[in-house]
>>> print(open('input.pdb').read())   # PDB, C-alpha atoms
ATOM      1  CA  ILE A  23       8.405 -21.838  16.194  1.00  0.00           C
ATOM      2  CA  LEU A  24       7.605 -18.950  18.523  1.00  0.00           C
ATOM      3  CA  ASN A  25       4.302 -17.202  17.896  1.00  0.00           C
ATOM      4  CA  VAL A  26       3.920 -13.471  18.464  1.00  0.00           C
ATOM      5  CA  GLU A  27       0.440 -12.152  17.697  1.00  0.00           C
ATOM      6  CA  GLN A  28      -0.613  -8.530  17.450  1.00  0.00           C
ATOM      7  CA  SER A  29      -4.161  -7.229  17.392  1.00  0.00           C
ATOM      8  CA  PRO A  30      -5.838  -5.543  15.762  1.00  0.00           C
ATOM      9  CA  GLN A  31      -4.099  -5.758  12.385  1.00  0.00           C
ATOM     10  CA  SER A  32      -5.144  -2.207  11.599  1.00  0.00           C
ATOM     11  CA  LEU A  33      -6.925   0.637  13.318  1.00  0.00           C
ATOM     12  CA  HIS A  34      -8.361   3.966  12.188  1.00  0.00           C
ATOM     13  CA  VAL A  35      -8.953   6.642  14.826  1.00  0.00           C
ATOM     14  CA  GLN A  36      -9.738  10.332  14.866  1.00  0.00           C
ATOM     15  CA  GLU A  37      -7.259  12.922  16.046  1.00  0.00           C
ATOM     16  CA  GLY A  38      -7.560  13.266  19.801  1.00  0.00           C
ATOM     17  CA  ASP A  39      -8.789   9.707  20.395  1.00  0.00           C
ATOM     18  CA  SER A  40      -6.893   7.460  22.750  1.00  0.00           C
ATOM     19  CA  THR A  41      -6.194   3.947  21.571  1.00  0.00           C
ATOM     20  CA  ASN A  42      -4.469   0.752  22.547  1.00  0.00           C
ATOM     21  CA  PHE A  43      -3.341  -2.474  20.959  1.00  0.00           C
ATOM     22  CA  THR A  44      -2.157  -5.858  22.123  1.00  0.00           C
ATOM     23  CA  CYS A  45       0.874  -8.073  21.698  1.00  0.00           C
ATOM     24  CA  SER A  46       0.640 -11.726  22.766  1.00  0.00           C
ATOM     25  CA  PHE A  47       3.698 -13.923  23.191  1.00  0.00           C
ATOM     26  CA  PRO A  48       4.696 -17.230  24.812  1.00  0.00           C
ATOM     27  CA  SER A  49       4.681 -16.974  28.605  1.00  0.00           C
ATOM     28  CA  SER A  50       7.525 -19.462  29.039  1.00  0.00           C
ATOM     29  CA  ASN A  51      11.223 -18.619  28.726  1.00  0.00           C
ATOM     30  CA  PHE A  52      10.471 -14.900  28.676  1.00  0.00           C
ATOM     31  CA  TYR A  53      13.482 -12.612  28.437  1.00  0.00           C
ATOM     32  CA  ALA A  54      12.389  -9.274  26.945  1.00  0.00           C
ATOM     33  CA  LEU A  55       9.643  -7.627  24.942  1.00  0.00           C
ATOM     34  CA  HIS A  56      10.406  -4.837  22.475  1.00  0.00           C
ATOM     35  CA  TRP A  57       8.088  -2.268  20.909  1.00  0.00           C
ATOM     36  CA  TYR A  58       9.016  -0.465  17.693  1.00  0.00           C
ATOM     37  CA  ARG A  59       7.368   2.314  15.707  1.00  0.00           C
ATOM     38  CA  TRP A  60       7.654   1.965  11.936  1.00  0.00           C
ATOM     39  CA  GLU A  61       6.650   4.823   9.677  1.00  0.00           C
ATOM     40  CA  THR A  62       6.045   4.209   6.004  1.00  0.00           C
ATOM     41  CA  ALA A  63       9.238   4.349   3.908  1.00  0.00           C
ATOM     42  CA  LYS A  64      11.404   4.531   7.027  1.00  0.00           C
ATOM     43  CA  SER A  65      13.089   1.986   9.276  1.00  0.00           C
ATOM     44  CA  PRO A  66      11.696   0.712  12.586  1.00  0.00           C
ATOM     45  CA  GLU A  67      12.603   2.810  15.609  1.00  0.00           C
ATOM     46  CA  ALA A  68      12.644   1.489  19.136  1.00  0.00           C
ATOM     47  CA  LEU A  69      10.030   2.681  21.605  1.00  0.00           C
ATOM     48  CA  PHE A  70      10.511   0.425  24.608  1.00  0.00           C
ATOM     49  CA  VAL A  71      12.407  -2.598  25.847  1.00  0.00           C
ATOM     50  CA  MET A  72      10.566  -4.278  28.711  1.00  0.00           C
ATOM     51  CA  THR A  73      11.969  -7.041  30.843  1.00  0.00           C
ATOM     52  CA  LEU A  74      10.090  -7.309  34.141  1.00  0.00           C
ATOM     53  CA  ASN A  75       6.574  -8.545  34.828  1.00  0.00           C
ATOM     54  CA  GLY A  76       4.426  -5.531  35.675  1.00  0.00           C
ATOM     55  CA  ASP A  77       6.803  -3.161  33.875  1.00  0.00           C
ATOM     56  CA  GLU A  78       5.276   0.089  32.692  1.00  0.00           C
ATOM     57  CA  LYS A  79       7.146   2.396  30.339  1.00  0.00           C
ATOM     58  CA  LYS A  80       6.185   5.844  29.060  1.00  0.00           C
ATOM     59  CA  LYS A  81       7.467   8.140  26.335  1.00  0.00           C
ATOM     60  CA  GLY A  82       5.384  11.268  25.894  1.00  0.00           C
ATOM     61  CA  ARG A  83       1.840  10.209  25.005  1.00  0.00           C
ATOM     62  CA  ILE A  84       2.815   6.582  24.421  1.00  0.00           C
ATOM     63  CA  SER A  85       2.995   4.024  27.197  1.00  0.00           C
ATOM     64  CA  ALA A  86       3.241   0.254  27.475  1.00  0.00           C
ATOM     65  CA  THR A  87       2.550  -2.398  30.072  1.00  0.00           C
ATOM     66  CA  LEU A  88       3.829  -5.943  30.386  1.00  0.00           C
ATOM     67  CA  ASN A  89       2.384  -9.148  31.826  1.00  0.00           C
ATOM     68  CA  THR A  90       4.890 -11.960  31.418  1.00  0.00           C
ATOM     69  CA  LYS A  91       2.890 -14.524  33.387  1.00  0.00           C
ATOM     70  CA  GLU A  92      -0.017 -14.432  30.938  1.00  0.00           C
ATOM     71  CA  GLY A  93       2.064 -13.428  27.915  1.00  0.00           C
ATOM     72  CA  TYR A  94       0.768 -10.066  26.779  1.00  0.00           C
ATOM     73  CA  SER A  95       1.755  -6.431  26.476  1.00  0.00           C
ATOM     74  CA  TYR A  96      -0.424  -3.403  25.760  1.00  0.00           C
ATOM     75  CA  LEU A  97       0.653  -0.252  23.954  1.00  0.00           C
ATOM     76  CA  TYR A  98      -1.405   2.866  24.677  1.00  0.00           C
ATOM     77  CA  ILE A  99      -1.472   6.142  22.797  1.00  0.00           C
ATOM     78  CA  LYS A 100      -3.200   9.038  24.517  1.00  0.00           C
ATOM     79  CA  GLY A 101      -4.695  11.816  22.394  1.00  0.00           C
ATOM     80  CA  SER A 102      -3.614  10.402  19.016  1.00  0.00           C
ATOM     81  CA  GLN A 103      -2.133  12.820  16.501  1.00  0.00           C
ATOM     82  CA  PRO A 104      -1.756  12.353  12.719  1.00  0.00           C
ATOM     83  CA  GLU A 105       2.005  12.016  13.196  1.00  0.00           C
ATOM     84  CA  ASP A 106       1.347   8.880  15.287  1.00  0.00           C
ATOM     85  CA  SER A 107       0.236   7.121  12.111  1.00  0.00           C
ATOM     86  CA  ALA A 108       2.611   4.187  11.706  1.00  0.00           C
ATOM     87  CA  THR A 109       2.902   0.439  12.121  1.00  0.00           C
ATOM     88  CA  TYR A 110       3.639  -0.588  15.703  1.00  0.00           C
ATOM     89  CA  LEU A 111       5.659  -3.772  16.015  1.00  0.00           C
ATOM     90  CA  CYS A 112       6.279  -5.866  19.064  1.00  0.00           C
ATOM     91  CA  ALA A 113       9.063  -8.419  19.279  1.00  0.00           C
ATOM     92  CA  PHE A 114       9.749 -11.178  21.771  1.00  0.00           C
ATOM     93  CA  TRP A 115      13.181 -12.220  22.981  1.00  0.00           C
ATOM     94  CA  ASN A 116      13.160 -15.598  24.656  1.00  0.00           C
ATOM     95  CA  SER A 117      15.743 -17.132  26.914  1.00  0.00           C
ATOM     96  CA  GLY A 118      15.418 -20.597  25.425  1.00  0.00           C
ATOM     97  CA  GLY A 119      17.085 -22.225  22.449  1.00  0.00           C
ATOM     98  CA  SER A 120      16.534 -19.357  20.018  1.00  0.00           C
ATOM     99  CA  ASN A 121      17.884 -16.660  22.291  1.00  0.00           C
ATOM    100  CA  TYR A 122      19.966 -15.013  19.617  1.00  0.00           C
ATOM    101  CA  LYS A 123      17.109 -13.236  17.926  1.00  0.00           C
ATOM    102  CA  LEU A 124      13.864 -11.388  18.261  1.00  0.00           C
ATOM    103  CA  THR A 125      10.630 -12.853  16.961  1.00  0.00           C
ATOM    104  CA  PHE A 126       8.487 -10.063  15.517  1.00  0.00           C
ATOM    105  CA  GLY A 127       4.725  -9.825  15.291  1.00  0.00           C
ATOM    106  CA  LYS A 128       3.194  -8.614  12.039  1.00  0.00           C
ATOM    107  CA  GLY A 129       2.341  -5.254  13.514  1.00  0.00           C
ATOM    108  CA  THR A 130      -0.684  -3.030  14.066  1.00  0.00           C
ATOM    109  CA  LEU A 131      -1.149  -0.339  11.421  1.00  0.00           C
ATOM    110  CA  LEU A 132      -2.507   2.823  13.038  1.00  0.00           C
ATOM    111  CA  THR A 133      -4.019   5.597  10.938  1.00  0.00           C
ATOM    112  CA  VAL A 134      -4.960   8.820  12.706  1.00  0.00           C
ATOM    113  CA  ASN A 135      -7.345  11.000  10.723  1.00  0.00           C
ATOM    114  CA  PRO A 136      -7.146  14.779  11.258  1.00  0.00           C
TER
ATOM    115  CA  ASN B  82      28.112   8.117  14.545  1.00  0.00           C
ATOM    116  CA  ALA B  83      26.252   6.695  11.535  1.00  0.00           C
ATOM    117  CA  GLY B  84      24.528   3.730  13.241  1.00  0.00           C
ATOM    118  CA  VAL B  85      23.540   1.090  10.667  1.00  0.00           C
ATOM    119  CA  THR B  86      24.244   1.875   7.022  1.00  0.00           C
ATOM    120  CA  GLN B  87      22.903  -0.164   4.123  1.00  0.00           C
ATOM    121  CA  THR B  88      24.240  -0.057   0.583  1.00  0.00           C
ATOM    122  CA  PRO B  89      22.698   0.311  -1.975  1.00  0.00           C
ATOM    123  CA  LYS B  90      19.341   1.955  -1.224  1.00  0.00           C
ATOM    124  CA  PHE B  91      17.691   0.838  -4.476  1.00  0.00           C
ATOM    125  CA  ARG B  92      18.511  -1.739  -7.097  1.00  0.00           C
ATOM    126  CA  VAL B  93      16.802  -3.337 -10.071  1.00  0.00           C
ATOM    127  CA  LEU B  94      18.049  -6.736 -11.227  1.00  0.00           C
ATOM    128  CA  LYS B  95      17.149  -9.152 -13.950  1.00  0.00           C
ATOM    129  CA  THR B  96      16.246 -12.730 -13.092  1.00  0.00           C
ATOM    130  CA  GLY B  97      19.406 -14.791 -12.701  1.00  0.00           C
ATOM    131  CA  GLN B  98      21.720 -11.899 -11.875  1.00  0.00           C
ATOM    132  CA  SER B  99      23.676 -11.852  -8.650  1.00  0.00           C
ATOM    133  CA  MET B 100      24.339  -9.086  -6.196  1.00  0.00           C
ATOM    134  CA  THR B 101      25.514  -8.354  -2.681  1.00  0.00           C
ATOM    135  CA  LEU B 102      23.891  -6.048  -0.161  1.00  0.00           C
ATOM    136  CA  LEU B 103      26.221  -4.493   2.374  1.00  0.00           C
ATOM    137  CA  CYS B 104      25.383  -3.640   5.961  1.00  0.00           C
ATOM    138  CA  ALA B 105      27.819  -1.742   8.168  1.00  0.00           C
ATOM    139  CA  GLN B 106      27.430  -0.751  11.816  1.00  0.00           C
ATOM    140  CA  ASP B 107      29.673   1.403  13.969  1.00  0.00           C
ATOM    141  CA  MET B 108      28.222   0.581  17.401  1.00  0.00           C
ATOM    142  CA  ASN B 109      30.419  -2.445  18.124  1.00  0.00           C
ATOM    143  CA  HIS B 110      27.345  -4.693  18.175  1.00  0.00           C
ATOM    144  CA  GLU B 111      27.899  -8.444  18.351  1.00  0.00           C
ATOM    145  CA  TYR B 112      24.668  -9.489  16.653  1.00  0.00           C
ATOM    146  CA  MET B 113      23.585  -8.587  13.142  1.00  0.00           C
ATOM    147  CA  TYR B 114      20.478  -9.559  11.178  1.00  0.00           C
ATOM    148  CA  TRP B 115      19.013  -9.454   7.690  1.00  0.00           C
ATOM    149  CA  TYR B 116      15.228  -9.181   7.334  1.00  0.00           C
ATOM    150  CA  ARG B 117      12.902  -8.854   4.407  1.00  0.00           C
ATOM    151  CA  GLN B 118       9.660  -6.923   4.481  1.00  0.00           C
ATOM    152  CA  ASP B 119       6.771  -7.947   2.271  1.00  0.00           C
ATOM    153  CA  PRO B 120       3.159  -6.673   2.327  1.00  0.00           C
ATOM    154  CA  GLY B 121       1.131  -8.406   5.029  1.00  0.00           C
ATOM    155  CA  MET B 122       4.119 -10.455   6.220  1.00  0.00           C
ATOM    156  CA  GLY B 123       5.825  -8.091   8.638  1.00  0.00           C
ATOM    157  CA  LEU B 124       9.564  -8.568   9.115  1.00  0.00           C
ATOM    158  CA  ARG B 125      10.927 -12.020   8.334  1.00  0.00           C
ATOM    159  CA  LEU B 126      14.409 -13.044   9.366  1.00  0.00           C
ATOM    160  CA  ILE B 127      16.624 -14.283   6.546  1.00  0.00           C
ATOM    161  CA  HIS B 128      19.980 -14.911   8.253  1.00  0.00           C
ATOM    162  CA  TYR B 129      21.715 -13.647  11.340  1.00  0.00           C
ATOM    163  CA  SER B 130      25.137 -13.572  12.943  1.00  0.00           C
ATOM    164  CA  VAL B 131      26.129 -13.644  16.603  1.00  0.00           C
ATOM    165  CA  GLY B 132      29.719 -12.661  16.015  1.00  0.00           C
ATOM    166  CA  GLU B 133      32.532 -12.258  13.534  1.00  0.00           C
ATOM    167  CA  GLY B 134      32.927 -15.386  11.442  1.00  0.00           C
ATOM    168  CA  THR B 135      29.545 -16.881  12.430  1.00  0.00           C
ATOM    169  CA  THR B 136      26.254 -17.030  10.549  1.00  0.00           C
ATOM    170  CA  ALA B 137      22.972 -18.867  11.007  1.00  0.00           C
ATOM    171  CA  LYS B 138      19.722 -19.376   9.107  1.00  0.00           C
ATOM    172  CA  GLY B 139      16.540 -17.524   9.978  1.00  0.00           C
ATOM    173  CA  GLU B 140      12.973 -18.171   8.833  1.00  0.00           C
ATOM    174  CA  VAL B 141      13.433 -17.648   5.093  1.00  0.00           C
ATOM    175  CA  PRO B 142      17.083 -18.399   4.174  1.00  0.00           C
ATOM    176  CA  ASP B 143      16.606 -20.105   0.804  1.00  0.00           C
ATOM    177  CA  GLY B 144      18.185 -18.290  -2.121  1.00  0.00           C
ATOM    178  CA  TYR B 145      20.427 -16.140   0.096  1.00  0.00           C
ATOM    179  CA  ASN B 146      23.927 -16.423   1.492  1.00  0.00           C
ATOM    180  CA  VAL B 147      25.649 -14.270   4.093  1.00  0.00           C
ATOM    181  CA  SER B 148      29.106 -13.568   5.406  1.00  0.00           C
ATOM    182  CA  ARG B 149      30.486 -11.757   8.427  1.00  0.00           C
ATOM    183  CA  LEU B 150      34.215 -11.512   7.906  1.00  0.00           C
ATOM    184  CA  LYS B 151      34.481  -8.370  10.036  1.00  0.00           C
ATOM    185  CA  LYS B 152      32.484  -7.548  13.143  1.00  0.00           C
ATOM    186  CA  GLN B 153      31.137  -4.330  11.689  1.00  0.00           C
ATOM    187  CA  ASN B 154      29.980  -5.729   8.333  1.00  0.00           C
ATOM    188  CA  PHE B 155      27.289  -8.232   7.378  1.00  0.00           C
ATOM    189  CA  LEU B 156      26.850  -9.056   3.699  1.00  0.00           C
ATOM    190  CA  LEU B 157      23.755 -10.559   2.093  1.00  0.00           C
ATOM    191  CA  GLY B 158      24.204 -12.239  -1.271  1.00  0.00           C
ATOM    192  CA  LEU B 159      21.747 -13.298  -3.915  1.00  0.00           C
ATOM    193  CA  GLU B 160      23.492 -15.777  -6.199  1.00  0.00           C
ATOM    194  CA  SER B 161      20.739 -16.059  -8.814  1.00  0.00           C
ATOM    195  CA  ALA B 162      17.997 -13.495  -8.264  1.00  0.00           C
ATOM    196  CA  ALA B 163      14.367 -14.548  -8.659  1.00  0.00           C
ATOM    197  CA  PRO B 164      11.230 -12.357  -8.896  1.00  0.00           C
ATOM    198  CA  SER B 165      10.098 -13.795  -5.514  1.00  0.00           C
ATOM    199  CA  GLN B 166      13.050 -11.990  -3.946  1.00  0.00           C
ATOM    200  CA  THR B 167      11.603  -8.603  -4.853  1.00  0.00           C
ATOM    201  CA  SER B 168      11.304  -6.987  -1.438  1.00  0.00           C
ATOM    202  CA  VAL B 169      12.597  -4.360   0.939  1.00  0.00           C
ATOM    203  CA  TYR B 170      15.598  -5.639   2.877  1.00  0.00           C
ATOM    204  CA  PHE B 171      16.494  -4.355   6.323  1.00  0.00           C
ATOM    205  CA  CYS B 172      19.677  -4.906   8.231  1.00  0.00           C
ATOM    206  CA  ALA B 173      19.730  -4.574  12.005  1.00  0.00           C
ATOM    207  CA  SER B 174      22.261  -4.926  14.779  1.00  0.00           C
ATOM    208  CA  SER B 175      22.213  -5.255  18.560  1.00  0.00           C
ATOM    209  CA  TYR B 176      24.243  -6.137  21.613  1.00  0.00           C
ATOM    210  CA  GLY B 177      24.403  -9.812  22.372  1.00  0.00           C
ATOM    211  CA  PHE B 178      22.483 -12.010  24.761  1.00  0.00           C
ATOM    212  CA  LEU B 179      24.013 -11.796  28.243  1.00  0.00           C
ATOM    213  CA  SER B 180      26.160  -8.808  27.330  1.00  0.00           C
ATOM    214  CA  PRO B 181      26.097  -5.922  29.843  1.00  0.00           C
ATOM    215  CA  LEU B 182      24.004  -3.896  27.384  1.00  0.00           C
ATOM    216  CA  GLU B 183      21.772  -6.742  26.242  1.00  0.00           C
ATOM    217  CA  ASN B 184      18.509  -4.935  27.059  1.00  0.00           C
ATOM    218  CA  GLN B 185      19.024  -2.409  24.341  1.00  0.00           C
ATOM    219  CA  PRO B 186      16.884  -2.437  21.206  1.00  0.00           C
ATOM    220  CA  GLN B 187      17.882  -3.469  17.732  1.00  0.00           C
ATOM    221  CA  HIS B 188      19.037  -0.668  15.475  1.00  0.00           C
ATOM    222  CA  PHE B 189      17.866  -0.779  11.882  1.00  0.00           C
ATOM    223  CA  GLY B 190      19.294   0.529   8.640  1.00  0.00           C
ATOM    224  CA  ASP B 191      17.164   2.524   6.221  1.00  0.00           C
ATOM    225  CA  GLY B 192      16.448  -0.455   3.986  1.00  0.00           C
ATOM    226  CA  THR B 193      17.322  -1.556   0.455  1.00  0.00           C
ATOM    227  CA  ARG B 194      14.490  -1.689  -2.065  1.00  0.00           C
ATOM    228  CA  LEU B 195      15.234  -4.506  -4.492  1.00  0.00           C
ATOM    229  CA  SER B 196      13.222  -5.281  -7.625  1.00  0.00           C
ATOM    230  CA  ILE B 197      13.826  -8.413  -9.677  1.00  0.00           C
ATOM    231  CA  LEU B 198      12.413  -8.343 -13.186  1.00  0.00           C
TER
END
>>> encode(input="input.pdb", output="structure tokens")
Amino acid sequence: ILNVEQSPQSLHVQEGDSTNFTCSFPSSNFYALHWYRWETAKSPEALFVMTLNGDEKKKGRISATLNTKEGYSYLYIKGSQPEDSATYLCAFWNSGGSNYKLTFGKGTLLTVNP
Amino acid sequence: NAGVTQTPKFRVLKTGQSMTLLCAQDMNHEYMYWYRQDPGMGLRLIHYSVGEGTTAKGEVPDGYNVSRLKKQNFLLGLESAAPSQTSVYFCASSYGFLSPLENQPQHFGDGTRLSIL
């Protein structure tokens, strides 16, 4: 069973704060790491798909980094806004026996207070 | 281009009743998935399919059956609904492993909220 851990479980920040959270995954048989943003009562939407060690991706105020050798990825949000409030999911795609599916972490719930 | 469409959006069942949830995608994706979302549990994979006519078990397959008779459709069946199956169900689809577009994300439907009384 592949283990994908996200920390913290939840986070409250003030509008304008910058924040980051972590996704840890197995460092062997790495194939890809996905980040999704999931607003309440909606469906998850993709933010990034990362495949290379050292990859950095950016979309507006949100960016992510990837370290496949040590098995972690960071998601950063600069200048958080209330509309950033959501659960952020990471998911690991491995190249081993279970390469047909993503293994999701349980997510980090971000609440941005105005 | 509708993406991933789930039917129905809401349903209330009595214990022991059966029903089928339909997922349809128009992106020519090879892989399709059914997840359930429960508080504190994140997304858990029920069943998945890597192509027309194929299905496989995920983490929590008990009490569910699936079929993929056509590439664009993936059906999730509950033969005898139980209160423990009260959940929000999400369907997703993606390109396959080793396909030219494999590094694309999964696309999710809007979810089906199912209550079993």
>>> atom_distance(input="input.pdb", atom1="atom CA of B:Leu94", atom2="atom CA of B:Phe189")
23.9 Å
>>> closest_atom_pairs(input="input.pdb", of="chain A", to="chain B", cutoff="8 Å", atoms="only C-alpha atoms", output="Markdown table")
| residue | atom | partner | partner_atom | distance |
| --- | --- | --- | --- | --- |
| A:Ala54 | CA | B:Asn184 | CA | 7.5 |
| A:His56 | CA | B:Pro186 | CA | 7.0 |
| A:Lys64 | CA | B:Asp191 | CA | 6.2 |
| A:Ser65 | CA | B:Asp191 | CA | 5.1 |
| A:Pro66 | CA | B:Phe189 | CA | 6.4 |
| A:Glu67 | CA | B:His188 | CA | 7.3 |
| A:Ala68 | CA | B:Pro186 | CA | 6.1 |
| A:Phe70 | CA | B:Pro186 | CA | 7.8 |
| A:Val71 | CA | B:Pro186 | CA | 6.5 |
| A:Thr73 | CA | B:Asn184 | CA | 7.8 |
| A:Asn121 | CA | B:Phe178 | CA | 7.0 |
| A:Tyr122 | CA | B:Phe178 | CA | 6.5 |
| A:Phe126 | CA | B:Leu124 | CA | 6.7 |
| A:Gly127 | CA | B:Gly123 | CA | 7.0 |
| A:Lys128 | CA | B:Gly123 | CA | 4.3 |
| A:Gly129 | CA | B:Gly123 | CA | 6.6 |
>>> residues_around(input="input.pdb", residues="stretch 102-117 of chain A", least_positions_apart="6", cutoff="7 Å", atoms="only C-alpha atoms", output="PDB file with C-alpha atoms, in the frame of the given file")
ATOM      1  CA  GLU A  37      -7.259  12.922  16.046  1.00  0.00           C
ATOM      2  CA  GLY A  38      -7.560  13.266  19.801  1.00  0.00           C
ATOM      3  CA  ASP A  39      -8.789   9.707  20.395  1.00  0.00           C
ATOM      4  CA  SER A  40      -6.893   7.460  22.750  1.00  0.00           C
ATOM      5  CA  CYS A  45       0.874  -8.073  21.698  1.00  0.00           C
ATOM      6  CA  PHE A  47       3.698 -13.923  23.191  1.00  0.00           C
ATOM      7  CA  ASN A  51      11.223 -18.619  28.726  1.00  0.00           C
ATOM      8  CA  PHE A  52      10.471 -14.900  28.676  1.00  0.00           C
ATOM      9  CA  TYR A  53      13.482 -12.612  28.437  1.00  0.00           C
ATOM     10  CA  ALA A  54      12.389  -9.274  26.945  1.00  0.00           C
ATOM     11  CA  LEU A  55       9.643  -7.627  24.942  1.00  0.00           C
ATOM     12  CA  HIS A  56      10.406  -4.837  22.475  1.00  0.00           C
ATOM     13  CA  TRP A  57       8.088  -2.268  20.909  1.00  0.00           C
ATOM     14  CA  TYR A  58       9.016  -0.465  17.693  1.00  0.00           C
ATOM     15  CA  ARG A  59       7.368   2.314  15.707  1.00  0.00           C
ATOM     16  CA  TRP A  60       7.654   1.965  11.936  1.00  0.00           C
ATOM     17  CA  GLU A  61       6.650   4.823   9.677  1.00  0.00           C
ATOM     18  CA  THR A  62       6.045   4.209   6.004  1.00  0.00           C
ATOM     19  CA  LYS A 123      17.109 -13.236  17.926  1.00  0.00           C
ATOM     20  CA  LEU A 124      13.864 -11.388  18.261  1.00  0.00           C
ATOM     21  CA  THR A 125      10.630 -12.853  16.961  1.00  0.00           C
ATOM     22  CA  PHE A 126       8.487 -10.063  15.517  1.00  0.00           C
ATOM     23  CA  GLY A 127       4.725  -9.825  15.291  1.00  0.00           C
ATOM     24  CA  LYS A 128       3.194  -8.614  12.039  1.00  0.00           C
ATOM     25  CA  GLY A 129       2.341  -5.254  13.514  1.00  0.00           C
ATOM     26  CA  THR A 130      -0.684  -3.030  14.066  1.00  0.00           C
ATOM     27  CA  LEU A 131      -1.149  -0.339  11.421  1.00  0.00           C
ATOM     28  CA  LEU A 132      -2.507   2.823  13.038  1.00  0.00           C
ATOM     29  CA  THR A 133      -4.019   5.597  10.938  1.00  0.00           C
ATOM     30  CA  VAL A 134      -4.960   8.820  12.706  1.00  0.00           C
ATOM     31  CA  ASN A 135      -7.345  11.000  10.723  1.00  0.00           C
ATOM     32  CA  PRO A 136      -7.146  14.779  11.258  1.00  0.00           C
TER      33      PRO A 136
END
>>> atom_distance(input="input.pdb", atom1="atom CA of B:Phe91", atom2="atom CA of B:Val141")
21.2 Å
>>> residues_around(input="input.pdb", residues="B:Gln166", least_positions_apart="3", cutoff="12 Å", atoms="only C-alpha atoms", output="PyMOL selection string")
chain B and resi 93-100+116-119+127+141-145+158-163+169-170+194-198
>>> closest_residue(input="input.pdb", among="B:Lys90, B:Val85, B:Lys138, B:Phe155", to="B:Asp107", atoms="only C-alpha atoms")
B:Val85
>>> atom_distance(input="input.pdb", atom1="atom CA of B:Tyr176", atom2="atom CA of B:Cys104")
15.9 Å
>>> closest_residue(input="input.pdb", among="A:Leu97, A:Asn89, A:Gln36, A:Ser46", to="A:Leu69", atoms="all atoms listed in the file")
A:Leu97
>>> residues_around(input="input.pdb", residues="A:Tyr98", least_positions_apart="6", cutoff="7 Å", atoms="only C-alpha atoms", output="ChimeraX atom specification")
/A:41-43,84-86
>>> residues_around(input="input.pdb", residues="B:Ser148", least_positions_apart="3", cutoff="9 Å", atoms="all atoms listed in the file", output="PDB file with C-alpha atoms, keeping the file's coordinate frame")
ATOM      1  CA  SER B 130      25.137 -13.572  12.943  1.00  0.00           C
ATOM      2  CA  GLU B 133      32.532 -12.258  13.534  1.00  0.00           C
ATOM      3  CA  GLY B 134      32.927 -15.386  11.442  1.00  0.00           C
ATOM      4  CA  THR B 135      29.545 -16.881  12.430  1.00  0.00           C
ATOM      5  CA  THR B 136      26.254 -17.030  10.549  1.00  0.00           C
ATOM      6  CA  LYS B 151      34.481  -8.370  10.036  1.00  0.00           C
ATOM      7  CA  ASN B 154      29.980  -5.729   8.333  1.00  0.00           C
ATOM      8  CA  PHE B 155      27.289  -8.232   7.378  1.00  0.00           C
ATOM      9  CA  LEU B 156      26.850  -9.056   3.699  1.00  0.00           C
ATOM     10  CA  LEU B 157      23.755 -10.559   2.093  1.00  0.00           C
ATOM     11  CA  GLY B 158      24.204 -12.239  -1.271  1.00  0.00           C
TER      12      GLY B 158
END
>>> closest_residue(input="input.pdb", among="A:Thr87, A:Ser50, A:Tyr96, A:Gly101", to="A:Pro30", atoms="all atoms listed in the file")
A:Tyr96
>>> decode(input="input.pdb", residues="stretch 84-105 of chain A", atoms="C-alpha atoms", output="compact mmCIF listing (two decimals), in the first residue's frame")
# COMPACT_ATOMS: atom_id res chain seq x y z
CA ILE A 84 0.40 29.44 -6.28
CA SER A 85 3.61 27.54 -6.90
CA ALA A 86 4.94 24.06 -6.21
CA THR A 87 8.30 22.37 -5.97
CA LEU A 88 9.26 18.72 -6.25
CA ASN A 89 12.01 16.59 -4.72
CA THR A 90 11.69 13.02 -5.96
CA LYS A 91 14.89 11.78 -4.35
CA GLU A 92 13.64 12.50 -0.83
CA GLY A 93 9.95 12.11 -1.65
CA TYR A 94 8.33 15.45 -0.97
CA SER A 95 6.61 18.34 -2.69
CA TYR A 96 5.75 21.78 -1.32
CA LEU A 97 2.81 23.93 -2.36
CA TYR A 98 3.17 27.67 -1.72
CA ILE A 99 0.51 30.34 -1.77
CA LYS A 100 1.72 33.93 -1.77
CA GLY A 101 -0.54 36.64 -0.34
CA SER A 102 -3.47 34.34 0.51
CA GLN A 103 -6.95 35.55 -0.39
CA PRO A 104 -10.30 34.31 0.98
CA GLU A 105 -11.02 32.70 -2.39
